[in-house]
Number of protein chains: 2
Amino acid sequence: MPACRERCEPQPCVRSDLSGPNWMAPGFVEPCRPEQLSIQLSGEGLWPWQDLSRLDEAQLRARGLELPLADFWTPGKGGLAQAVVGLRGCTGAFLSEHGLLITNHHCALGAIQKLSRPEQNLLENGFVARGRGAELPAPGVIVWVFRAQRDVTGEMFRGLPPDASDLDTALFLRNREKELVSECERTPSVRCAVSRENDGLRFFLMENTELTDVRLVYAPPESLGAFGGETDNWRWPRHSLDFTLLRAYTGPDGRPAPFAEANVPFTPPIHLQVSERGTAVGDFIMVPGTPYRTSRYRTAREIRHAHEWFYPRREALFSRWISVLEKAGDLHPEARIPNASMLRRLSNGLINTRGQLEGIAKNRVIARRLSEEETLRAWIRTNRFPVPEKALDELNAHLEGVQFEDLDFLLGQMETGTSAFAAACLLVKWAHERTLPDARRMPGWQERDRAGLLSRLNAGDLSYHAASDRMVLAMFLDELDGLDPAQRPAFHVPAATEEDRRKRDEWLELAFRTTTVMDPAVREALFTATPEALAQSTDPLIQFALLWFPAMQDLERRRLLGEGALLRLRRPWMKATMAFRGRQFYPDANASPRVSFATVTGYSPEDGTWHVPFSTLRGMLAKHRGQAPFELPAAFLEAAQQDNHDPWTDPHLEDVPINFLSNADTTGGNSGSPVLDGRGRLVGLNFDRVYENIAGDFGYNPLRSRNIMVDVRAILWTLDRVAQAHDVLGEMGVTSRAGR
Amino acid sequence: MPACRERCEPQPCVRSDLSGPNWMAPGFVEPCRPEQLSIQLSGEGLWPWQDLSRLDEAQLRARGLELPLADFWTPGKGGLAQAVVGLRGCTGAFLSEHGLLITNHHCALGAIQKLSRPEQNLLENGFVARGRGAELPAPGVIVWVFRAQRDVTGEMFRGLPPDASDLDTALFLRNREKELVSECERTPSVRCAVSRENDGLRFFLMENTELTDVRLVYAPPESLGAFGGETDNWRWPRHSLDFTLLRAYTGPDGRPAPFAEANVPFTPPIHLQVSERGTAVGDFIMVPGTPYRTSRYRTAREIRHAHEWFYPRREALFSRWISVLEKAGDLHPEARIPNASMLRRLSNGLINTRGQLEGIAKNRVIARRLSEEETLRAWIRTNRFPVPEKALDELNAHLEGVQFEDLDFLLGQMETGTSAFAAACLLVKWAHERTLPDARRMPGWQERDRAGLLSRLNAGDLSYHAASDRMVLAMFLDELDGLDPAQRPAFHVPAATEEDRRKRDEWLELAFRTTTVMDPAVREALFTATPEALAQSTDPLIQFALLWFPAMQDLERRRLLGEGALLRLRRPWMKATMAFRGRQFYPDANASPRVSFATVTGYSPEDGTWHVPFSTLRGMLAKHRGQAPFELPAAFLEAAQQDNHDPWTDPHLEDVPINFLSNADTTGGNSGSPVLDGRGRLVGLNFDRVYENIAGDFGYNPLRSRNIMVDVRAILWTLDRVAQAHDVLGEMGVTSRAGR
């Protein structure tokens, strides 16, 4: 029985503290007993480049790392970090010296939608560029290539009066940020950002090259790229080919440039090699990317607040919102298409919310955090660490005193969830900000942001449906009615009687019938109007936005105040946390680059069940129902039914692997993150997390923190057998072909 | 890493033909690759005692059998077979020399319900008899202890004219059966039955001792015995403590006797030892019992007919029936309790039906059977086996010609699914049968069946709700309206207009208002009435039953005709099948004793998922929601929360195992089957199959044929820690106690 032993012995069996109430068993090639699986195999940690040197490289080598950690990033020398790019809320990676890029299909969805025409429906049919000339400019896609980073903590605080108020501190730091960014962006095509690390203990200036001529090379049909749709979203078992190929271009001189026929492919500083062998259960992998936000160091009080206040409110609001949009679709069938993407967002958000609520409870996050806090308090006392033990109490007391939370929650959602009213608010705010010198404006409202604001203003056009938007605004006004009167702005009079409600409905009806803010030409004119001109406007929604403007400014002010207070209150506790955790400490995600070191492994979603970490082509075929979201295209079915899939077949699975699981530490923003083997070769593409890991943002759980990736062999098989994209495969250095 | 190797090496790794499209991986202590799992480990086969000698005993020993197969049953000597008893559609087993019996909670449910009073609700609270004097007579429970069996094939056919028609053959065999049974039952308290094996190639006379004084010793609360209720029914992961303890009594002389205070515990010929160690993944187990029916040798045409005709009809009828009863519950809230058990039966039947439909498709049963038939045809040709190859064609041609199937399906359901109409039909039929000499009556309608018929007549009283019963009968009349006119009896006039329908409703309303068939006193009088007296009755339902009587007799006649024809047509094909399969052949289940040899193992319900074969106490606690069907009683929660569960803790799971899976070949009637280890000790109690195995009746699938058992350690832990039933544990020879 040699095969048995072969699969047992390579497994590290080290005593660990992983045993938990729901631990069932490792997957089928993980025969070690649960308690033998080492904590060292846990994928916890989102490591920024500057912290890599703090890691135990020998231990990572023992796990499977085969390249020096310095290869990720060495200042002045570059590194693998430059093969991994940012993509507006997503991650991507260069796969060739000619600027070929891979990211998720869902990360390029907007561009693919915009490129789709009834006569050439790229969303429905997918796209293969036959030759470079056939590549299509991908509207709205921007690629940021990492250039450099620099610790600017000292510069951030230089000159801050020691007795500055919280509000002044927050404004001071925002202004300093703007100065640093504006100085940094003097180099053409360089975009900069200040990254706050460790609750404001460290600030880094991040420098990226911005590439705006990005073209579509290959997109699978949506039926493959989003196979399983909302039904499978956040779920395992999963069978999604959520990948797309793009190409970045520059001017003929090699410098970033807007789209032009004469442009040439961008030459990245470095690109990833593609593994043709893929990965296997128990294998070491690395997942670099730009994770958006985690909350690993929030206090127990904050998590309880999220669990008892924020998520229940979001659940209730999103549920109501979904029924409003569904009702709109019933009343106005033509509203269904424009409302579809908002409904998808809300339904996704609702699953996320429920996952947070369930996960925080199931993982006992609050109790654990409380006990960690007790441990840390004791450690501070014992070690006489120079941080007042009462730092935590002060932070919690401040949080307890936060006011207007219900109002701010509703205003925040209204700001982003409505179309016409949000456009009116943006116009009012923009007019107001433009009365200030550029350097004094709020971040996001400077001259450098003009194009972005304009495109934000125009972005909603495709999804605008007046009656639906009116019903959503009516819902928000209803919600505002329900606020505690102490929070409700004075000018907002609740509809107390049927008569009030009728009047409000009449006004809404009139407002949406006569408003011109959704007319692109009018809106563009209003974009350059002065506050005085706006005040003269007879547009009811502009008038309504002007009415709300002070409340919105108050919200902004409360945000700044909170920012300043938290900066002051969090830092001492964070300092103690860092000292206590030592080398185990990693900072929360904040959209700047991170890497997670992980292991390919399954998990137990519930007692008696084990999620095996690989799904297969035959499993995908078994899900095919002939209708969306489980409808495989004919070309795919034909290719799948052919016998010879070598070399894209996994020897153990005896099939083409489609998706796989690992315990990598990922979150939103890691969509499109390349998954690398120990030698840095591409073995997969991250695209989702499992439902049981939604609450992982608040605390990594070795038993349930799992992310979902497209297996590189599924990508190569699709390009080889379904898309016949052999040129692209050649460009990626892939020489194997199936069926030979 | 010694633990790893330990768990690998004991696994047999033999090349097998188990690889299938949905095979994922063996469970966590089955590290062999799928293709290394031997077919020898498959649990296929329901072996009757007389066939045990045909088995490869050495191979079973290699798998883990540690007792001689002859220990199950040696004619004249007895054996383990006598520790396993029949229990009206269920199985049970003796656990002590004092007649202590174990079976499923759901097998004793009727008795527990009848024993329940508002002031002493055994169903809700469970029951522990403190001392033998406290044991309660279990109404309706009858135990059959296997005594002997004898091949009576020769006797069955002796004297059958060679040219007998199909109808005459069927009647002849039924009469001969009755003669044999009646002769056999001359011994007091012996109940006999003729078991038809192999489609009528063999007949066995089965002899059982009947024990009617059976008492309740221990029943868990329904919340434990049916934990998970309909939600978990047919599902894994499962956490049900579906067991009950009974005790059989005899007269003081040791002979079977009805209940009497002076009775003494029955001394079984043999009883099972109880394992305190339980079982583990990969272990060999044996599951003896009285499985009701399998259809492993039906032709592809028959399975297609089941898939395309029978199950779709049943699905439609049951769905409609469920909505009728739900509507009845809405209209008449007091109907909910009496209708509950029928709704449960229908919902269970509906899941079963859907499982059959899905399973037949997913397991590709029809295509496989077709290919087996082709192989067998070729084998017949090659070997010139003396069975006409056209036997199969003739059988299929006969099946194709079967008439009145839609009508017979509806009548069959009406016969068992209505209360008042069914009672009226029974009274009419019984009056008619009693005009015939006992030996000429239909089986089931002889004097020996009088008590059974009377109890059948009374059984429905608790669940009778007139308005609901009327609505169900109205549904059947509607269904009959929809029949092809060629099948519809002439006297049944469809309700073509609203007016017809109104009249029918009026008649139904009158009939159910005035009928007396549900009045126990009246009904008992009608039970002795002559056909003439019934004809004079003014009871509208008696009159309606008289109207239907000829149609019901026709149905009976068609059944007999079909029986005779199939006996003639199936035997040649079965003979060829047996010769072709040789030692691999086992007969279909037919409610006589069988044993399955199996392995404890998980399975993959779908790609990417593995059902781990053990569930645990912590998993059960995780399902607790505080409301039915996931509501654990306080005493259970308290016991569960205590730390020390040794010795009922599994060393690998580090918890008390609750349920486990194996690949044993089981079906309805195996409820309550003891699960034995290689030495014949009790390690579990079978109580269900998994959803993916519902269609297993048509063909065992090594990948998905899994049954669900209560782990003996869950039983012992419950008796020890929750019920504090230490006397009973002592009686079972169990000396360990937890928490010491």
# chains A, B, ... in the order shown; residues from 1 in each chain; ligands from 1
>>> residues_around(residues="Ala545 (chain A)", least_positions_apart="5", cutoff="8 Å", atoms="only C-alpha atoms", output="VMD selection string")
chain A and resid 421 424 to 425 428
>>> residues_around(residues="Ile285 (chain A)", least_positions_apart="4", cutoff="7 Å", atoms="only C-alpha atoms", output="JSON, numbers by chain")
{"A": [597, 598, 599, 675, 676, 677, 678]}
>>> atom_distance(atom1="CA of Gly140 (chain B)", atom2="CA of Asp665 (chain B)")
28.6 Å
>>> residues_around(residues="Arg369 (chain A)", least_positions_apart="6", cutoff="12 Å", atoms="only C-alpha atoms", output="PyMOL selection string")
chain A and resi 295-304+360+363+375-376+698-700
>>> write_last_selection(atoms="N, CA and C atoms", output="PDB file, in the first residue's frame")
ATOM      1  N   SER A 295     -10.990  44.049  10.454  1.00  0.00           N
ATOM      2  CA  SER A 295     -11.240  44.671  11.761  1.00  0.00           C
ATOM      3  C   SER A 295     -10.752  43.745  12.865  1.00  0.00           C
ATOM      4  N   ARG A 296      -9.527  43.303  12.708  1.00  0.00           N
ATOM      5  CA  ARG A 296      -8.987  42.306  13.634  1.00  0.00           C
ATOM      6  C   ARG A 296      -8.659  42.870  15.009  1.00  0.00           C
ATOM      7  N   TYR A 297      -8.549  44.212  15.102  1.00  0.00           N
ATOM      8  CA  TYR A 297      -8.143  44.792  16.384  1.00  0.00           C
ATOM      9  C   TYR A 297      -9.228  45.672  16.985  1.00  0.00           C
ATOM     10  N   ARG A 298     -10.448  45.512  16.486  1.00  0.00           N
ATOM     11  CA  ARG A 298     -11.551  46.234  17.114  1.00  0.00           C
ATOM     12  C   ARG A 298     -11.786  45.637  18.497  1.00  0.00           C
ATOM     13  N   THR A 299     -12.277  46.475  19.404  1.00  0.00           N
ATOM     14  CA  THR A 299     -12.492  45.990  20.768  1.00  0.00           C
ATOM     15  C   THR A 299     -13.774  45.144  20.814  1.00  0.00           C
ATOM     16  N   ALA A 300     -13.882  44.356  21.881  1.00  0.00           N
ATOM     17  CA  ALA A 300     -15.078  43.524  22.055  1.00  0.00           C
ATOM     18  C   ALA A 300     -16.331  44.396  22.012  1.00  0.00           C
ATOM     19  N   ARG A 301     -16.211  45.578  22.587  1.00  0.00           N
ATOM     20  CA  ARG A 301     -17.359  46.491  22.604  1.00  0.00           C
ATOM     21  C   ARG A 301     -17.745  46.894  21.175  1.00  0.00           C
ATOM     22  N   GLU A 302     -16.759  47.114  20.354  1.00  0.00           N
ATOM     23  CA  GLU A 302     -17.057  47.503  18.969  1.00  0.00           C
ATOM     24  C   GLU A 302     -17.701  46.352  18.192  1.00  0.00           C
ATOM     25  N   ILE A 303     -17.208  45.151  18.442  1.00  0.00           N
ATOM     26  CA  ILE A 303     -17.772  44.005  17.716  1.00  0.00           C
ATOM     27  C   ILE A 303     -19.201  43.750  18.194  1.00  0.00           C
ATOM     28  N   ARG A 304     -19.414  43.898  19.494  1.00  0.00           N
ATOM     29  CA  ARG A 304     -20.771  43.732  20.008  1.00  0.00           C
ATOM     30  C   ARG A 304     -21.692  44.784  19.370  1.00  0.00           C
ATOM     31  N   ILE A 360     -20.184  35.927  13.747  1.00  0.00           N
ATOM     32  CA  ILE A 360     -19.744  36.533  15.011  1.00  0.00           C
ATOM     33  C   ILE A 360     -20.268  35.679  16.167  1.00  0.00           C
ATOM     34  N   ASN A 363     -18.588  31.871  15.871  1.00  0.00           N
ATOM     35  CA  ASN A 363     -17.163  31.867  16.218  1.00  0.00           C
ATOM     36  C   ASN A 363     -16.914  32.436  17.615  1.00  0.00           C
ATOM     37  N   THR A 375      -6.441  39.195  28.905  1.00  0.00           N
ATOM     38  CA  THR A 375      -5.059  38.714  28.875  1.00  0.00           C
ATOM     39  C   THR A 375      -4.104  39.889  28.667  1.00  0.00           C
ATOM     40  N   LEU A 376      -4.482  40.758  27.736  1.00  0.00           N
ATOM     41  CA  LEU A 376      -3.598  41.889  27.436  1.00  0.00           C
ATOM     42  C   LEU A 376      -3.529  42.862  28.622  1.00  0.00           C
ATOM     43  N   PHE A 698     -13.545  40.018  11.319  1.00  0.00           N
ATOM     44  CA  PHE A 698     -13.400  40.389  12.727  1.00  0.00           C
ATOM     45  C   PHE A 698     -12.421  39.494  13.477  1.00  0.00           C
ATOM     46  N   GLY A 699     -12.069  38.378  12.857  1.00  0.00           N
ATOM     47  CA  GLY A 699     -11.141  37.478  13.535  1.00  0.00           C
ATOM     48  C   GLY A 699     -10.950  36.240  12.689  1.00  0.00           C
ATOM     49  N   TYR A 700      -9.696  35.973  12.374  1.00  0.00           N
ATOM     50  CA  TYR A 700      -9.389  34.789  11.573  1.00  0.00           C
ATOM     51  C   TYR A 700      -9.712  33.552  12.385  1.00  0.00           C
TER      52      TYR A 700
END
>>> closest_residue(among="A:Gly672, A:Pro437, A:Pro237, A:Pro587", to="chain B", atoms="only C-alpha atoms")
A:Pro237
>>> closest_residue(among="B:Val472, B:Val274, B:Leu457, B:Leu555", to="Val683 (chain B)", atoms="only C-alpha atoms")
B:Val274
>>> atom_distance(atom1="CA of Thr153 (chain B)", atom2="CA of Phe204 (chain B)")
6.9 Å
>>> select_by_dssp(residues="region 180-323 of chain A", states="helix (DSSP H, G or I)", output="ChimeraX atom specification")
/A:180-184,198-200,222-225,229-232,300-323
>>> select_by_dssp(residues="region 37-242 of chain B", states="strand (DSSP E or B)", output="ChimeraX atom specification")
/B:47,74,78,84-87,90-94,100-103,117,120,127-128,136-137,143-151,190-197,202-211,213-219
>>> closest_residue(among="B:Thr209, B:Thr74, B:Gln642, B:Thr666", to="Ser596 (chain B)", atoms="only C-alpha atoms")
B:Thr666
>>> closest_residue(among="B:Gly131, B:Pro572, B:Gly608, B:Gly92", to="chain A", atoms="only C-alpha atoms")
B:Gly608
>>> closest_residue(among="B:Arg618, B:Arg713, B:Arg186, B:Lys77", to="chain A", atoms="only C-alpha atoms")
B:Arg618
>>> residues_around(residues="Arg377 (chain A)", least_positions_apart="2", cutoff="10 Å", atoms="only C-alpha atoms", output="list of chain:residue names")
A:Ser371, A:Glu372, A:Glu373, A:Glu374, A:Thr375, A:Trp379, A:Ile380, A:Arg381, A:Thr382, A:Asn383, A:Phe385, A:Pro388, A:Glu389, A:Lys390, A:Ala391, A:Leu392, A:Trp573, A:Ala576, A:Thr577
